[in-house]
file upload_33.cif (mmCIF, C-alpha atoms (C1' of nucleotides))
data_structure
#
loop_
_atom_site.label_atom_id
_atom_site.label_comp_id
_atom_site.auth_asym_id
_atom_site.auth_seq_id
_atom_site.Cartn_x
_atom_site.Cartn_y
_atom_site.Cartn_z
CA MET I 1304 0.00 0.00 0.00
CA SER I 1305 2.88 2.34 0.60
CA ARG I 1306 6.13 2.55 -1.26
CA ARG I 1307 8.85 4.85 -2.42
CA SER I 1308 8.25 7.30 -5.22
CA PRO I 1309 10.47 6.86 -8.30
CA HIS I 1310 11.91 9.59 -10.48
CA THR I 1311 8.54 10.64 -11.84
CA LEU I 1312 9.31 14.33 -11.84
CA ASP I 1313 9.13 16.13 -15.15
CA GLY I 1314 12.53 17.62 -16.05
CA ASP I 1315 11.37 21.16 -16.58
CA LEU I 1316 9.33 21.18 -13.39
CA ARG I 1317 12.27 19.72 -11.54
CA ASP I 1318 14.52 22.51 -12.78
CA ARG I 1319 12.15 25.23 -11.72
CA ILE I 1320 11.82 23.72 -8.28
CA ALA I 1321 15.57 23.44 -7.97
CA ALA I 1322 15.88 27.09 -8.93
CA ARG I 1323 13.47 28.25 -6.27
CA LEU I 1324 15.12 26.08 -3.67
CA GLY I 1325 18.46 27.59 -4.60
CA GLU I 1326 17.16 31.13 -4.20
CA GLY I 1327 16.10 30.25 -0.67
CA ASP I 1328 19.38 28.51 0.17
CA LEU I 1329 17.64 25.18 0.48
CA ARG I 1330 19.25 22.00 -0.78
CA PHE I 1331 17.49 19.69 -3.17
CA THR I 1332 17.44 16.63 -0.95
CA ARG I 1333 15.87 13.25 -1.46
CA GLY I 1334 13.17 14.05 1.10
CA ARG I 1335 12.18 17.29 -0.57
CA GLU I 1336 12.17 15.67 -3.97
CA ALA I 1337 9.96 12.88 -2.67
CA LEU I 1338 7.50 15.39 -1.21
CA VAL I 1339 7.25 17.33 -4.41
CA THR I 1340 6.93 14.16 -6.46
CA VAL I 1341 4.00 12.94 -4.39
CA LEU I 1342 2.30 16.30 -4.77
CA ALA I 1343 2.99 16.43 -8.50
CA LEU I 1344 1.42 13.02 -8.98
CA ALA I 1345 -1.70 13.91 -7.01
CA THR I 1346 -4.72 15.50 -8.61
CA ARG I 1347 -5.84 17.21 -5.45
CA PRO I 1348 -4.31 18.78 -2.32
CA LEU I 1349 -3.05 16.20 0.17
CA THR I 1350 -2.75 16.10 3.94
CA ILE I 1351 0.57 15.24 5.57
CA PRO I 1352 -0.64 11.80 6.68
CA GLU I 1353 -1.67 11.14 3.08
CA ILE I 1354 1.69 12.28 1.79
CA CYS I 1355 3.61 10.15 4.28
CA ALA I 1356 1.44 7.13 3.48
CA ALA I 1357 2.29 7.55 -0.19
CA ASP I 1358 6.00 7.33 0.47
CA ASP I 1359 7.43 5.36 3.36
CA SER I 1360 10.71 7.20 3.36
CA LEU I 1361 9.03 10.36 4.64
CA ALA I 1362 8.95 11.16 8.35
CA ALA I 1363 6.08 13.36 9.48
CA SER I 1364 8.24 15.87 11.30
CA SER I 1365 10.49 16.37 8.30
CA ALA I 1366 7.45 16.62 6.06
CA TYR I 1367 6.09 19.43 8.20
CA ARG I 1368 9.46 21.14 8.29
CA ASN I 1369 10.09 20.78 4.58
CA LEU I 1370 6.63 21.77 3.45
CA THR I 1371 6.99 24.91 5.53
CA GLY I 1372 10.27 25.66 3.79
CA LEU I 1373 8.90 24.78 0.38
CA GLU I 1374 6.00 27.12 0.96
CA ALA I 1375 8.38 29.93 1.94
CA VAL I 1376 10.16 29.67 -1.40
CA GLY I 1377 6.93 29.35 -3.35
CA VAL I 1378 7.11 25.71 -4.37
CA VAL I 1379 4.04 24.49 -2.53
CA HIS I 1380 0.90 26.09 -1.21
CA ARG I 1381 -0.78 25.29 2.09
CA ILE I 1382 -4.56 25.10 2.28
CA VAL I 1383 -6.17 25.22 5.66
CA THR I 1384 -9.83 24.25 5.99
CA ASP I 1385 -11.77 23.36 9.10
CA ALA I 1386 -10.87 19.71 8.63
CA GLU I 1387 -8.39 18.22 11.05
CA PHE I 1388 -5.33 18.38 8.78
CA ALA I 1389 -3.98 21.11 6.55
CA ARG I 1390 -3.48 20.23 2.89
CA TYR I 1391 -0.68 20.95 0.46
CA GLU I 1392 -0.45 21.26 -3.30
CA LEU I 1393 2.18 22.44 -5.77
CA ALA I 1394 2.20 26.22 -6.11
CA GLU I 1395 0.28 27.57 -9.08
CA GLY I 1396 3.31 29.35 -10.44
CA LEU I 1397 4.91 25.96 -11.06
CA THR I 1398 2.00 24.18 -12.62
CA ASP I 1399 0.75 27.40 -14.28
CA HIS I 1400 -2.70 26.06 -13.95
CA HIS I 1401 -4.85 28.45 -11.95
CA HIS I 1402 -7.70 26.73 -10.19
CA HIS I 1403 -10.16 26.95 -7.33
CA HIS I 1404 -11.33 24.44 -4.76
CA LEU I 1405 -14.34 22.24 -4.18
CA ILE I 1406 -14.40 21.50 -0.46
CA CYS I 1407 -16.62 18.75 0.85
CA SER I 1408 -18.06 19.77 4.19
CA ARG I 1409 -18.85 16.15 4.99
CA CYS I 1410 -15.58 14.29 4.36
CA GLY I 1411 -13.16 17.19 4.06
CA VAL I 1412 -11.79 16.23 0.66
CA VAL I 1413 -10.60 19.11 -1.50
CA ASP I 1414 -10.75 18.89 -5.29
CA ASP I 1415 -9.32 21.20 -7.91
CA VAL I 1416 -11.46 22.91 -10.52
CA GLU I 1417 -10.36 25.02 -13.46
CA ALA I 1418 -11.00 28.71 -13.03
CA SER I 1419 -13.24 30.12 -15.74
CA PRO I 1420 -12.09 33.33 -17.46
CA SER I 1421 -15.28 35.20 -16.63
CA LEU I 1422 -14.97 34.32 -12.96
CA GLU I 1423 -11.36 35.42 -12.95
CA ARG I 1424 -12.21 38.71 -14.53
CA ALA I 1425 -14.98 39.33 -12.01
CA VAL I 1426 -12.65 38.61 -9.09
CA HIS I 1427 -9.98 40.89 -10.45
CA ASP I 1428 -12.41 43.71 -11.06
CA ALA I 1429 -13.72 43.38 -7.54
CA ALA I 1430 -10.21 43.32 -6.15
CA ARG I 1431 -9.24 46.47 -8.00
CA ALA I 1432 -12.26 48.33 -6.68
CA ILE I 1433 -11.53 47.22 -3.16
CA ALA I 1434 -7.88 48.14 -3.36
CA ARG I 1435 -8.77 51.65 -4.47
CA ARG I 1436 -11.30 52.06 -1.69
CA SER I 1437 -9.43 50.59 1.26
CA GLY I 1438 -5.73 50.46 0.46
CA PHE I 1439 -5.60 46.69 0.61
CA ARG I 1440 -2.98 45.28 -1.74
CA MET I 1441 -4.10 41.90 -3.09
CA GLU I 1442 -1.44 39.27 -3.70
CA ARG I 1443 -3.70 36.40 -4.62
CA HIS I 1444 -7.25 35.24 -4.25
CA SER I 1445 -9.04 32.03 -3.52
CA VAL I 1446 -12.53 30.96 -4.44
CA ASP I 1447 -13.86 27.99 -2.53
CA LEU I 1448 -17.11 26.20 -3.25
CA ILE I 1449 -18.24 24.42 -0.10
CA GLY I 1450 -20.80 21.64 -0.30
CA ILE I 1451 -21.24 17.90 -0.59
CA CYS I 1452 -19.01 15.98 -2.96
CA ALA I 1453 -20.37 13.40 -5.40
CA ASN I 1454 -19.02 10.55 -3.30
CA CYS I 1455 -20.68 11.68 -0.11
CA SER I 1456 -24.05 12.45 -1.70
CA ARG I 1457 -24.02 9.07 -3.46
CA ARG I 1458 -23.28 7.33 -0.19
CA ALA I 1459 -26.05 9.26 1.54
CA SER I 1460 -28.72 8.45 -1.05
CA SER I 1461 -28.02 4.73 -1.19
CA SER I 1462 -29.43 3.44 2.10
CA ALA I 1463 -26.01 1.98 2.84
CA ARG I 1464 -24.63 2.12 6.34
CA MET W 872 -10.00 47.88 28.68
CA SER W 873 -12.39 45.03 29.15
CA ARG W 874 -15.93 45.06 30.42
CA ARG W 875 -19.32 43.55 30.18
CA SER W 876 -21.48 44.07 27.13
CA PRO W 877 -24.85 45.79 27.76
CA HIS W 878 -28.14 45.04 26.04
CA THR W 879 -26.97 46.29 22.70
CA LEU W 880 -28.70 43.62 20.69
CA ASP W 881 -31.28 44.76 18.17
CA GLY W 882 -34.69 43.32 19.02
CA ASP W 883 -35.36 41.71 15.67
CA LEU W 884 -31.93 40.15 15.49
CA ARG W 885 -32.36 38.93 19.04
CA ASP W 886 -35.60 37.23 18.15
CA ARG W 887 -34.16 35.45 15.16
CA ILE W 888 -31.25 34.20 17.21
CA ALA W 889 -33.58 33.02 19.94
CA ALA W 890 -35.61 31.15 17.31
CA ARG W 891 -32.59 29.32 15.94
CA LEU W 892 -31.40 28.47 19.41
CA GLY W 893 -34.84 27.06 20.19
CA GLU W 894 -34.80 24.86 17.10
CA GLY W 895 -31.55 23.37 18.29
CA ASP W 896 -32.76 22.94 21.89
CA LEU W 897 -30.23 25.43 23.12
CA ARG W 898 -31.12 27.90 25.85
CA PHE W 899 -30.64 31.62 25.41
CA THR W 900 -28.22 32.12 28.27
CA ARG W 901 -26.36 35.19 29.37
CA GLY W 902 -23.10 33.76 28.03
CA ARG W 903 -24.51 33.07 24.60
CA GLU W 904 -26.14 36.46 24.46
CA ALA W 905 -22.85 38.08 25.40
CA LEU W 906 -21.01 36.20 22.64
CA VAL W 907 -23.51 37.19 20.01
CA THR W 908 -23.56 40.78 21.21
CA VAL W 909 -19.79 41.08 20.90
CA LEU W 910 -19.94 39.66 17.38
CA ALA W 911 -22.84 41.90 16.39
CA LEU W 912 -20.95 44.98 17.55
CA ALA W 913 -17.80 44.02 15.65
CA THR W 914 -17.22 45.02 12.05
CA ARG W 915 -15.00 42.07 11.30
CA PRO W 916 -14.57 38.42 12.34
CA LEU W 917 -13.04 38.04 15.79
CA THR W 918 -10.80 35.44 17.40
CA ILE W 919 -11.81 33.85 20.69
CA PRO W 920 -9.15 35.75 22.65
CA GLU W 921 -10.51 38.97 21.14
CA ILE W 922 -14.04 38.03 22.07
CA CYS W 923 -13.11 37.14 25.64
CA ALA W 924 -11.13 40.35 26.01
CA ALA W 925 -14.19 42.31 24.95
CA ASP W 926 -16.30 40.85 27.73
CA ASP W 927 -14.82 39.73 31.02
CA SER W 928 -17.71 37.48 31.87
CA LEU W 929 -16.72 35.05 29.12
CA ALA W 930 -14.56 32.02 29.86
CA ALA W 931 -12.56 30.70 26.95
CA SER W 932 -13.73 27.12 27.27
CA SER W 933 -17.38 28.15 27.32
CA ALA W 934 -16.76 30.45 24.39
CA TYR W 935 -15.37 27.56 22.38
CA ARG W 936 -18.24 25.31 23.42
CA ASN W 937 -20.91 27.89 22.73
CA LEU W 938 -19.53 29.08 19.43
CA THR W 939 -19.48 25.47 18.28
CA GLY W 940 -23.12 25.13 19.26
CA LEU W 941 -24.04 28.48 17.75
CA GLU W 942 -22.42 27.43 14.51
CA ALA W 943 -24.37 24.18 14.49
CA VAL W 944 -27.67 26.07 14.60
CA GLY W 945 -26.53 28.61 12.05
CA VAL W 946 -26.12 31.66 14.25
CA VAL W 947 -22.40 32.17 13.75
CA HIS W 948 -19.88 31.19 11.13
CA ARG W 949 -16.36 30.01 11.78
CA ILE W 950 -13.54 31.20 9.55
CA VAL W 951 -10.31 29.30 9.63
CA THR W 952 -7.23 30.86 8.07
CA ASP W 953 -3.61 29.94 8.53
CA ALA W 954 -3.34 32.38 11.41
CA GLU W 955 -3.02 30.97 14.89
CA PHE W 956 -6.65 31.45 15.92
CA ALA W 957 -9.92 30.73 14.16
CA ARG W 958 -12.31 33.65 13.75
CA TYR W 959 -16.05 33.95 14.20
CA GLU W 960 -18.71 36.25 12.79
CA LEU W 961 -22.50 36.32 12.78
CA ALA W 962 -23.96 34.05 10.12
CA GLU W 963 -24.94 35.78 6.91
CA GLY W 964 -28.53 34.59 7.16
CA LEU W 965 -28.92 36.75 10.27
CA THR W 966 -27.28 39.90 9.05
CA ASP W 967 -28.54 39.34 5.46
CA HIS W 968 -25.45 41.02 4.28
CA HIS W 969 -23.48 38.74 2.00
CA HIS W 970 -19.80 39.56 1.97
CA HIS W 971 -16.33 38.25 1.27
CA HIS W 972 -13.06 38.53 3.12
CA LEU W 973 -9.88 40.54 2.91
CA ILE W 974 -7.22 38.52 4.69
CA CYS W 975 -3.93 40.14 5.61
CA SER W 976 -1.13 37.65 5.17
CA ARG W 977 1.09 39.74 7.41
CA CYS W 978 -0.98 40.33 10.56
CA GLY W 979 -3.81 37.86 10.02
CA VAL W 980 -6.62 40.39 10.35
CA VAL W 981 -9.75 39.59 8.39
CA ASP W 982 -12.00 42.35 7.09
CA ASP W 983 -15.42 42.16 5.50
CA VAL W 984 -16.15 43.52 2.04
CA GLU W 985 -19.48 43.79 0.26
CA ALA W 986 -19.99 41.26 -2.48
CA SER W 987 -20.61 42.88 -5.84
CA PRO W 988 -23.53 41.58 -7.91
CA SER W 989 -21.36 40.81 -10.91
CA LEU W 990 -18.96 38.79 -8.82
CA GLU W 991 -21.82 36.88 -7.27
CA ARG W 992 -23.28 36.06 -10.62
CA ALA W 993 -19.94 34.84 -11.90
CA VAL W 994 -19.47 32.59 -8.88
CA HIS W 995 -22.93 31.13 -9.23
CA ASP W 996 -22.53 30.49 -12.94
CA ALA W 997 -19.26 28.73 -12.28
CA ALA W 998 -20.81 26.69 -9.52
CA ARG W 999 -23.69 25.57 -11.71
CA ALA W 1000 -21.32 24.41 -14.43
CA ILE W 1001 -19.22 22.50 -11.94
CA ALA W 1002 -22.20 20.86 -10.32
CA ARG W 1003 -23.41 19.61 -13.68
CA ARG W 1004 -19.99 18.27 -14.59
CA SER W 1005 -18.93 16.61 -11.35
CA GLY W 1006 -21.99 16.05 -9.18
CA PHE W 1007 -20.77 18.40 -6.47
CA ARG W 1008 -23.64 20.10 -4.67
CA MET W 1009 -22.63 23.60 -3.54
CA GLU W 1010 -24.05 24.87 -0.27
CA ARG W 1011 -22.14 28.11 -0.05
CA HIS W 1012 -19.06 29.77 -1.41
CA SER W 1013 -16.31 31.96 -0.13
CA VAL W 1014 -14.13 34.41 -1.96
CA ASP W 1015 -11.01 35.49 -0.12
CA LEU W 1016 -8.63 38.19 -1.24
CA ILE W 1017 -5.26 37.60 0.37
CA GLY W 1018 -2.68 40.37 0.56
CA ILE W 1019 -1.34 43.16 2.72
CA CYS W 1020 -3.79 45.32 4.62
CA ALA W 1021 -3.57 49.10 4.64
CA ASN W 1022 -2.25 49.10 8.20
CA CYS W 1023 0.60 46.73 7.50
CA SER W 1024 1.68 48.37 4.27
CA ARG W 1025 1.63 51.80 5.95
CA ARG W 1026 3.75 50.45 8.79
CA ALA W 1027 6.20 48.88 6.34
CA SER W 1028 6.70 52.03 4.27
CA SER W 1029 7.26 54.35 7.19
CA SER W 1030 10.74 53.49 8.46
CA ALA W 1031 9.20 52.95 11.89
CA ARG W 1032 10.52 50.35 14.29
"C1'" DA P 1455 35.03 19.46 5.69
"C1'" DT P 1456 31.29 21.94 6.95
"C1'" DT P 1457 26.88 23.14 6.82
"C1'" DC P 1458 22.37 21.75 6.40
"C1'" DG P 1459 18.76 18.01 6.62
"C1'" DT P 1460 16.83 13.98 8.94
"C1'" DG P 1461 14.35 11.16 12.38
"C1'" DC P 1462 13.15 10.48 16.91
"C1'" DA P 1463 11.10 12.00 20.95
"C1'" DA P 1464 9.71 15.74 23.71
"C1'" DA P 1465 7.53 20.33 23.83
"C1'" DT P 1466 3.93 23.68 22.32
"C1'" DA P 1467 -0.54 25.55 21.76
"C1'" DG P 1468 -5.31 25.82 20.03
"C1'" DT P 1469 -9.20 23.43 21.07
"C1'" DT P 1470 -12.03 19.86 23.49
"C1'" DT P 1471 -13.87 17.57 27.47
"C1'" DG P 1472 -14.93 15.65 32.53
"C1'" DC P 1473 -16.79 17.18 36.50
"C1'" DA P 1474 -19.18 19.68 40.34
"C1'" DG P 1475 -21.91 23.58 41.23
"C1'" DC P 1476 -25.27 27.17 39.21
"C1'" DA P 1477 -28.94 28.94 36.22
"C1'" DG P 1478 -32.71 28.90 32.73
"C1'" DA P 1479 -37.43 27.02 31.53
"C1'" DT J 765 -37.41 21.00 39.91
"C1'" DC J 766 -34.64 19.25 36.57
"C1'" DT J 767 -31.97 19.40 32.81
"C1'" DG J 768 -28.67 21.96 30.66
"C1'" DC J 769 -24.84 25.55 31.17
"C1'" DT J 770 -20.64 27.37 33.35
"C1'" DG J 771 -15.77 27.56 34.79
"C1'" DC J 772 -11.80 25.25 36.06
"C1'" DA J 773 -8.36 22.11 35.14
"C1'" DA J 774 -6.88 18.19 32.71
"C1'" DA J 775 -6.86 15.79 28.13
"C1'" DC J 776 -6.25 15.85 23.07
"C1'" DT J 777 -3.93 16.37 18.91
"C1'" DA J 778 -1.90 18.84 14.91
"C1'" DT J 779 2.24 21.02 14.50
"C1'" DT J 780 6.90 22.62 16.06
"C1'" DT J 781 11.41 22.06 17.90
"C1'" DG J 782 16.03 20.18 20.34
"C1'" DC J 783 19.35 17.06 19.51
"C1'" DA J 784 22.73 13.78 17.57
"C1'" DC J 785 23.68 11.53 13.33
"C1'" DG J 786 23.83 11.30 8.13
"C1'" DA J 787 23.96 13.61 3.68
"C1'" DA J 788 24.57 17.48 0.16
"C1'" DT J 789 27.85 20.77 -1.74
#

call {"tool": "encode", "arguments": {"input": "upload_33.cif", "output": "structure tokens"}}
result
Amino acid sequence: MSRRSPHTLDGDLRDRIAARLGEGDLRFTRGREALVTVLALATRPLTIPEICAADDSLAASSAYRNLTGLEAVGVVHRIVTDAEFARYELAEGLTDHHHHHLICSRCGVVDDVEASPSLERAVHDAARAIARRSGFRMERHSVDLIGICANCSRRASSSAR
Amino acid sequence: MSRRSPHTLDGDLRDRIAARLGEGDLRFTRGREALVTVLALATRPLTIPEICAADDSLAASSAYRNLTGLEAVGVVHRIVTDAEFARYELAEGLTDHHHHHLICSRCGVVDDVEASPSLERAVHDAARAIARRSGFRMERHSVDLIGICANCSRRASSSAR
DNA sequence: ATTCGTGCAAATAGTTTGCAGCAGA
DNA sequence: TCTGCTGCAAACTATTTGCACGAAT
């Protein structure tokens, strides 16, 4: 069920990560590469227990420490919901794939969804207006849709359990 | 600096809160009234330490317990960011004042901003498309603008400190 | 070599909970 | 009255950190 991740990291992505690590005076160690590889393979943000389960060579304390460092240099992004664990995903600047989140209020799973251009434009317009009015300088935004995921609503409708 | 909140709760609001408490078999106690009063007086979501500081009669453990209960019956809403404390505000259904959040990544303060109609429409259109595609059933959404608040950027530009 | 990263175990801190007395209906 | 609420202190648990050893440059 758990194993060690192989060299499944795209060369270009790997280079950009190495560059950002270098700027922050962080070495490109096996542990950090394993973390990033697990996240790159995933299609949704993962919790630290999930990450460690995906790769036996990862210790939880180092995962916490490294993900904190990786976030500081802009390689990963931390998502905190009201679920018990925080979740991590590769930073958008690396995957250049801007997206928003579908958060299931029942099971806590977070899924990625593509951002539509019209939604993006609306958010940016709103942000500009707000900045002018209040002096707030926006760095990024997040749009979360909170509800019940397909899995949970399927499970609820079948009389199971 | 700290005190006890007076009867500063609008009658209509008070009634609606009492109704929701009743539906959940929760009594309208002094402590719960104090919590709600502090939140109603605030113009932004507050942390539990902030709430307790605003009213000496509130014990932290009861505040946690009551805010959890108040959230369950839809009187308050909990906002969790990556700051150290969670924040609470009155539920939107009570204030009928839909808004989004400006989150300062430097000091953690969260401010409310009015939601613009065009932004709302864009979010709802996006949600409908996603629901059709993936079976996710949206209950609510949140739009957060993350950046540097006016206070923090003012403090940074003046050479102070 | 020398500095930084790692894993383990112990510490920290926000939040939750058990319990005995008090208050709301 | 009688059940539910309160405050205190103790328990929980996600996350952080000290330390001694191993690895990256």

call {"tool": "interface_residues", "arguments": {"input": "upload_33.cif", "of": "chain J", "to": "chain I", "cutoff": "8 Å", "atoms": "all atoms listed in the file", "output": "PyMOL selection string"}}
result
chain J and resi 778-779+788

call {"tool": "interface_residues", "arguments": {"input": "upload_33.cif", "of": "chain I", "to": "chain W", "cutoff": "7 Å", "atoms": "all atoms listed in the file", "output": "list in words"}}
result
Val1383, Thr1384, Asp1385, Ser1421, Leu1422, Ala1425, Val1426, Ser1437, Gly1438, Phe1439, Arg1440, Met1441, Glu1442, Arg1443, His1444, Ser1445, Val1446, Asp1447, Leu1448, Ile1449, Gly1450, Ile1451, Cys1452 and Ala1453 of chain I

call {"tool": "write_last_selection", "arguments": {"input": "upload_33.cif", "atoms": "C-alpha atoms", "output": "mmCIF file, in the frame of the given file"}}
result
data_model
loop_
_atom_site.group_PDB
_atom_site.id
_atom_site.type_symbol
_atom_site.label_atom_id
_atom_site.label_comp_id
_atom_site.auth_asym_id
_atom_site.auth_seq_id
_atom_site.Cartn_x
_atom_site.Cartn_y
_atom_site.Cartn_z
ATOM 1 C CA VAL I 1383 -6.170 25.220 5.660
ATOM 2 C CA THR I 1384 -9.830 24.250 5.990
ATOM 3 C CA ASP I 1385 -11.770 23.360 9.100
ATOM 4 C CA SER I 1421 -15.280 35.200 -16.630
ATOM 5 C CA LEU I 1422 -14.970 34.320 -12.960
ATOM 6 C CA ALA I 1425 -14.980 39.330 -12.010
ATOM 7 C CA VAL I 1426 -12.650 38.610 -9.090
ATOM 8 C CA SER I 1437 -9.430 50.590 1.260
ATOM 9 C CA GLY I 1438 -5.730 50.460 0.460
ATOM 10 C CA PHE I 1439 -5.600 46.690 0.610
ATOM 11 C CA ARG I 1440 -2.980 45.280 -1.740
ATOM 12 C CA MET I 1441 -4.100 41.900 -3.090
ATOM 13 C CA GLU I 1442 -1.440 39.270 -3.700
ATOM 14 C CA ARG I 1443 -3.700 36.400 -4.620
ATOM 15 C CA HIS I 1444 -7.250 35.240 -4.250
ATOM 16 C CA SER I 1445 -9.040 32.030 -3.520
ATOM 17 C CA VAL I 1446 -12.530 30.960 -4.440
ATOM 18 C CA ASP I 1447 -13.860 27.990 -2.530
ATOM 19 C CA LEU I 1448 -17.110 26.200 -3.250
ATOM 20 C CA ILE I 1449 -18.240 24.420 -0.100
ATOM 21 C CA GLY I 1450 -20.800 21.640 -0.300
ATOM 22 C CA ILE I 1451 -21.240 17.900 -0.590
ATOM 23 C CA CYS I 1452 -19.010 15.980 -2.960
ATOM 24 C CA ALA I 1453 -20.370 13.400 -5.400
#

call {"tool": "resolve_selection", "arguments": {"input": "upload_33.cif", "expression": "the PyMOL selection byres ((chain P) within 8 of (chain W))", "output": "PyMOL selection string"}}
result
chain P and resi 1468-1469+1478

call {"tool": "residues_around", "arguments": {"input": "upload_33.cif", "residues": "Glu1326 in chain I", "least_positions_apart": "4", "cutoff": "12 Å", "atoms": "all atoms listed in the file", "output": "list in words"}}
result
Arg1319, Ile1320, Ala1321, Ala1322, Arg1330, Phe1331, Gly1372, Leu1373, Ala1375, Val1376, Gly1377 and Val1378 of chain I

call {"tool": "closest_residue", "arguments": {"input": "upload_33.cif", "among": "W:Ala930, W:Val947, W:Leu906, W:Thr966", "to": "DC772 in chain J", "atoms": "all atoms listed in the file"}}
result
W:Ala930

call {"tool": "resolve_selection", "arguments": {"input": "upload_33.cif", "expression": "the PyMOL selection byres ((chain J and resi 768) around 10)", "output": "PyMOL selection string"}}
result
(chain W and resi 896-898) or (chain P and resi 1477-1478) or (chain J and resi 766-767+769)

call {"tool": "write_last_selection", "arguments": {"input": "upload_33.cif", "atoms": "C-alpha atoms (C1' of nucleotides)", "output": "PDB file, in the coordinates of the input"}}
result
ATOM      1  CA  ASP W 896     -32.760  22.940  21.890  1.00  0.00           C
ATOM      2  CA  LEU W 897     -30.230  25.430  23.120  1.00  0.00           C
ATOM      3  CA  ARG W 898     -31.120  27.900  25.850  1.00  0.00           C
TER       4      ARG W 898
ATOM      5  C1'  DA P1477     -28.940  28.940  36.220  1.00  0.00           C
ATOM      6  C1'  DG P1478     -32.710  28.900  32.730  1.00  0.00           C
TER       7       DG P1478
ATOM      8  C1'  DC J 766     -34.640  19.250  36.570  1.00  0.00           C
ATOM      9  C1'  DT J 767     -31.970  19.400  32.810  1.00  0.00           C
ATOM     10  C1'  DC J 769     -24.840  25.550  31.170  1.00  0.00           C
TER      11       DC J 769
END

call {"tool": "axis_aligned_box", "arguments": {"input": "upload_33.cif", "around": "range 1455-1465 of chain P", "padding_each_side": "6 Å", "output": "JSON"}}
result
{"center_x": 21.3, "center_y": 16.8, "center_z": 14.8, "size_x": 39.5, "size_y": 24.7, "size_z": 30.1}

call {"tool": "build_atoms", "arguments": {"input": "upload_33.cif", "residues": "range 1388-1392 of chain I", "atoms": "all heavy atoms", "output": "PDB file, in the coordinates of the input"}}
result
ATOM      1  N   PHE I1388      -6.679  18.155   9.301  1.00  0.00           N
ATOM      2  CA  PHE I1388      -5.330  18.380   8.780  1.00  0.00           C
ATOM      3  C   PHE I1388      -5.291  19.466   7.708  1.00  0.00           C
ATOM      4  O   PHE I1388      -6.233  19.605   6.929  1.00  0.00           O
ATOM      5  CB  PHE I1388      -4.777  17.097   8.172  1.00  0.00           C
ATOM      6  CG  PHE I1388      -4.564  15.995   9.175  1.00  0.00           C
ATOM      7  CD1 PHE I1388      -5.511  15.006   9.348  1.00  0.00           C
ATOM      8  CD2 PHE I1388      -3.421  15.972   9.955  1.00  0.00           C
ATOM      9  CE1 PHE I1388      -5.319  13.994  10.280  1.00  0.00           C
ATOM     10  CE2 PHE I1388      -3.226  14.964  10.887  1.00  0.00           C
ATOM     11  CZ  PHE I1388      -4.174  13.973  11.058  1.00  0.00           C
ATOM     12  N   ALA I1389      -4.193  20.176   7.650  1.00  0.00           N
ATOM     13  CA  ALA I1389      -3.980  21.110   6.550  1.00  0.00           C
ATOM     14  C   ALA I1389      -3.648  20.300   5.297  1.00  0.00           C
ATOM     15  O   ALA I1389      -3.267  19.137   5.391  1.00  0.00           O
ATOM     16  CB  ALA I1389      -2.836  22.060   6.884  1.00  0.00           C
ATOM     17  N   ARG I1390      -3.778  20.921   4.140  1.00  0.00           N
ATOM     18  CA  ARG I1390      -3.480  20.230   2.890  1.00  0.00           C
ATOM     19  C   ARG I1390      -2.464  21.022   2.086  1.00  0.00           C
ATOM     20  O   ARG I1390      -2.400  22.237   2.185  1.00  0.00           O
ATOM     21  CB  ARG I1390      -4.761  20.039   2.057  1.00  0.00           C
ATOM     22  CG  ARG I1390      -5.706  19.022   2.668  1.00  0.00           C
ATOM     23  CD  ARG I1390      -7.021  18.887   1.916  1.00  0.00           C
ATOM     24  NE  ARG I1390      -7.860  17.880   2.547  1.00  0.00           N
ATOM     25  CZ  ARG I1390      -7.799  16.577   2.256  1.00  0.00           C
ATOM     26  NH1 ARG I1390      -6.959  16.154   1.328  1.00  0.00           N
ATOM     27  NH2 ARG I1390      -8.567  15.713   2.896  1.00  0.00           N
ATOM     28  N   TYR I1391      -1.704  20.293   1.276  1.00  0.00           N
ATOM     29  CA  TYR I1391      -0.680  20.950   0.460  1.00  0.00           C
ATOM     30  C   TYR I1391      -0.841  20.585  -1.000  1.00  0.00           C
ATOM     31  O   TYR I1391      -1.258  19.477  -1.334  1.00  0.00           O
ATOM     32  CB  TYR I1391       0.710  20.517   0.933  1.00  0.00           C
ATOM     33  CG  TYR I1391       1.088  21.066   2.285  1.00  0.00           C
ATOM     34  CD1 TYR I1391       0.737  20.394   3.451  1.00  0.00           C
ATOM     35  CD2 TYR I1391       1.784  22.262   2.401  1.00  0.00           C
ATOM     36  CE1 TYR I1391       1.074  20.908   4.700  1.00  0.00           C
ATOM     37  CE2 TYR I1391       2.136  22.778   3.634  1.00  0.00           C
ATOM     38  CZ  TYR I1391       1.769  22.098   4.786  1.00  0.00           C
ATOM     39  OH  TYR I1391       2.105  22.603   6.004  1.00  0.00           O
ATOM     40  N   GLU I1392      -0.461  21.517  -1.865  1.00  0.00           N
ATOM     41  CA  GLU I1392      -0.450  21.260  -3.300  1.00  0.00           C
ATOM     42  C   GLU I1392       0.724  22.032  -3.893  1.00  0.00           C
ATOM     43  O   GLU I1392       1.259  22.936  -3.255  1.00  0.00           O
ATOM     44  CB  GLU I1392      -1.757  21.721  -3.953  1.00  0.00           C
ATOM     45  CG  GLU I1392      -1.970  23.223  -3.851  1.00  0.00           C
ATOM     46  CD  GLU I1392      -3.321  23.672  -4.386  1.00  0.00           C
ATOM     47  OE1 GLU I1392      -4.073  22.835  -4.920  1.00  0.00           O
ATOM     48  OE2 GLU I1392      -3.619  24.877  -4.259  1.00  0.00           O
TER      49      GLU I1392
END
